[in-house]
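Some notes on the structure that comes next.
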Amino acid sequence: MAEIRRISVPKQVEKGEIFTVRTLARHKMEPGVHFDANRFVVTPRLLLQEVKCHYNGRLVFYAEWFSAVSSNPYLTFKLRAEESGEIVVTWVDDYNVITTAAAPIDVIDKPKS
Amino acid sequence: MGPYQRGLVLAVALLLLPGAALIFPASAQEARSGYFYASPETQALQDDPFANPGSLWLEEGRARWQRIEGAAGKSCASCHGDNGTELIEASAAYPKFNKRLGRPITLSQQINQCRVRHMGAAALAPDSEALMSIELLLRQRAAGRPMQVSVDGPMRPFYERGKALYFQRRGQFNMACYQCHDQRPGEFVRGERLSQGQINNFPAYLIRWGTVGSAHRRFQLCDRQARAEPFQIGSPEYVALEVYVAHRARGLAVEAPAVRP
């Protein structure tokens, strides 16, 4: 299966603004309980276990996933804009295989009113 | 009021009777895509180009379109161009009659014909991710165009066979397709809301599968739910049924990538 990881953040936000990070990962999220009636075997478990988000190298979001998470999981969360830089989201599966998606963000100062 | 006008009034009154749907099954109803019967959440997922999981298959399809495979050293793009513009009309017109085989074939089967005959590559497994990615890409390019399956000439016997299957009662529940999809669209069967069973949106991402699947796979699911023995994907029975159901959806806009429960 082709590994596809997507991330979307606004291109430009004001300093202090709350913005949404949207992510989508292509993954079967196989819980390891499905029984194949033709081959009499159980499909081995393969899940994305951890999702981490680093904002300019600092860990700002962390999630542990279990077997009830849907296939092709879609995850969004909110962050507060501090400085321009890069947002990196990392998915780690059962075998410690790491996949990432990154997006740049441009933080501008609030216009003085 | 002359006898002609009286007859007209009677005919209009007959059409307005609640039972009119039973007298004129498919033709009396306005054709509606399954999108209409999906929940607002499912509709929202389909409408969001970032979150729509079907778009992941599209992404893979675009990569596969350019991938050179097989003995002839060709990719899909070698013959059909980067955008495959000449295939747009055709993608909305499958199943189509294949003169060489003497029977109609589905879009999936046409892709495999291309692979085996022109690319010298192995046929892809039915409903495999690879096959669904390419098929979904072709359908996405035709999105918004009306379904236009021809049932004239040599297609007629297959259309008739499909129509017979559609109205045939099968399985332990002794049910036929029309009982749900012509007579009761919008009503609930257990937890599921019935649609008209239009296939303008296939291959579609079904949330219950977590993957993109063909209309034939959906037919199998219908059969199992009615406790009937399903046919194989790509079997003559399902191709004939697809001919009837696709023609029934004629005029409906092709929807891809679609999301369904």
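By convention in this document, the chains of the structure tokens carry letters A, B, ... by their order, each chain's residues are numbered from 1, and ligands are numbered from 1 in the order they are shown.
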
Please, which residues in chain B fall within 8 Å of chain A when counting only C-alpha atoms, and what is the closest atom pair and distance in Å to one decimal for each, ordered by chain then residue number, as JSON lines?
```
{"residue": "B:Phe50", "atom": "CA", "partner": "A:Leu24", "partner_atom": "CA", "distance": 7.9}
{"residue": "B:Ala51", "atom": "CA", "partner": "A:Leu24", "partner_atom": "CA", "distance": 6.6}
{"residue": "B:Pro53", "atom": "CA", "partner": "A:Asn72", "partner_atom": "CA", "distance": 6.8}
{"residue": "B:Leu56", "atom": "CA", "partner": "A:Arg26", "partner_atom": "CA", "distance": 6.9}
{"residue": "B:Glu60", "atom": "CA", "partner": "A:Ala2", "partner_atom": "CA", "distance": 7.1}
{"residue": "B:Glu129", "atom": "CA", "partner": "A:Met1", "partner_atom": "CA", "distance": 7.8}
{"residue": "B:Gly210", "atom": "CA", "partner": "A:Ser71", "partner_atom": "CA", "distance": 5.5}
```

For the residues in that selection, give me all heavy atoms as an mmCIF file, in the first residue's frame.
```
data_model
loop_
_atom_site.group_PDB
_atom_site.id
_atom_site.type_symbol
_atom_site.label_atom_id
_atom_site.label_comp_id
_atom_site.auth_asym_id
_atom_site.auth_seq_id
_atom_site.Cartn_x
_atom_site.Cartn_y
_atom_site.Cartn_z
ATOM 1 N N PHE B 50 -9.726 17.769 1.087
ATOM 2 C CA PHE B 50 -8.579 17.319 1.883
ATOM 3 C C PHE B 50 -8.911 16.041 2.639
ATOM 4 O O PHE B 50 -8.143 15.082 2.625
ATOM 5 C CB PHE B 50 -8.152 18.412 2.877
ATOM 6 C CG PHE B 50 -6.989 17.998 3.752
ATOM 7 C CD1 PHE B 50 -5.694 18.220 3.326
ATOM 8 C CD2 PHE B 50 -7.201 17.370 4.962
ATOM 9 C CE1 PHE B 50 -4.619 17.828 4.112
ATOM 10 C CE2 PHE B 50 -6.137 16.973 5.757
ATOM 11 C CZ PHE B 50 -4.844 17.199 5.328
ATOM 12 N N ALA B 51 -10.086 16.021 3.283
ATOM 13 C CA ALA B 51 -10.408 14.906 4.176
ATOM 14 C C ALA B 51 -11.027 13.721 3.442
ATOM 15 O O ALA B 51 -11.039 12.618 3.973
ATOM 16 C CB ALA B 51 -11.363 15.386 5.261
ATOM 17 N N PRO B 53 -11.442 10.525 1.962
ATOM 18 C CA PRO B 53 -10.447 9.450 1.867
ATOM 19 C C PRO B 53 -10.303 8.915 0.443
ATOM 20 O O PRO B 53 -9.256 8.362 0.098
ATOM 21 C CB PRO B 53 -10.973 8.388 2.825
ATOM 22 C CG PRO B 53 -12.321 8.792 3.230
ATOM 23 C CD PRO B 53 -12.603 10.167 2.769
ATOM 24 N N LEU B 56 -7.246 9.844 -1.549
ATOM 25 C CA LEU B 56 -5.982 9.118 -1.393
ATOM 26 C C LEU B 56 -5.796 8.134 -2.547
ATOM 27 O O LEU B 56 -4.688 7.927 -3.040
ATOM 28 C CB LEU B 56 -5.961 8.372 -0.061
ATOM 29 C CG LEU B 56 -6.013 9.218 1.211
ATOM 30 C CD1 LEU B 56 -6.327 8.348 2.400
ATOM 31 C CD2 LEU B 56 -4.705 9.955 1.407
ATOM 32 N N GLU B 60 -2.923 7.945 -5.625
ATOM 33 C CA GLU B 60 -2.220 6.759 -6.100
ATOM 34 C C GLU B 60 -2.498 6.532 -7.590
ATOM 35 O O GLU B 60 -1.612 6.155 -8.354
ATOM 36 C CB GLU B 60 -2.649 5.532 -5.291
ATOM 37 C CG GLU B 60 -1.818 4.317 -5.661
ATOM 38 C CD GLU B 60 -2.273 3.037 -4.963
ATOM 39 O OE1 GLU B 60 -2.830 3.133 -3.869
ATOM 40 O OE2 GLU B 60 -2.036 1.963 -5.548
ATOM 41 N N GLU B 129 -6.432 -2.541 -4.818
ATOM 42 C CA GLU B 129 -6.204 -1.110 -4.654
ATOM 43 C C GLU B 129 -5.702 -0.470 -5.937
ATOM 44 O O GLU B 129 -6.110 0.627 -6.312
ATOM 45 C CB GLU B 129 -5.167 -0.890 -3.562
ATOM 46 C CG GLU B 129 -5.789 -0.608 -2.245
ATOM 47 C CD GLU B 129 -4.767 -0.606 -1.145
ATOM 48 O OE1 GLU B 129 -3.557 -0.537 -1.449
ATOM 49 O OE2 GLU B 129 -5.186 -0.690 -0.010
ATOM 50 N N GLY B 210 -13.590 0.878 4.611
ATOM 51 C CA GLY B 210 -12.335 1.601 4.781
ATOM 52 C C GLY B 210 -11.505 1.570 3.535
ATOM 53 O O GLY B 210 -10.285 1.713 3.577
#
```

Problem set entry | Distance query region 82-88 of chain A at most 12 Å, only C-alpha atoms, self and fewer than 5 positions along chain excluded, as a VMD selection string | chain A and resid 5 to 23 51 to 62 99 to 110

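Between Asp94 (chain A) and the candidates A:Pro111, A:Leu47, A:Ala68, A:Ala81, the tightest atom-to-atom separation, counting only C-alpha atoms, involves A:Leu47.
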
Exercise. For Ala121 (chain B), which of B:Lys74, B:Gly102, B:Gln140, B:Pro154 is the closest residue, counting only C-alpha atoms?
Worked result: B:Lys74

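CA of Ala256 (chain B) lies 17.5 Å from CA of Pro40 (chain B).
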
Problem set entry | All strand (DSSP E or B) residues (DSSP, backbone) inside chain A, as a VMD selection string | chain A and resid 5 to 8 12 to 14 18 to 25 30 35 to 36 41 to 42 46 48 to 55 58 to 64 74 to 80 85 to 93 98 to 108

For this session: From a DSSP calculation on the backbone, collect every residue of region 3-236 of chain B in helix (DSSP H, G or I) and output the set as an MDAnalysis selection string.
Result: chainID B and resid 3:16 20:23 25:28 34:37 40:47 54:66 76:80 85:91 107:119 129:141 153:166 177:181 215:225 236
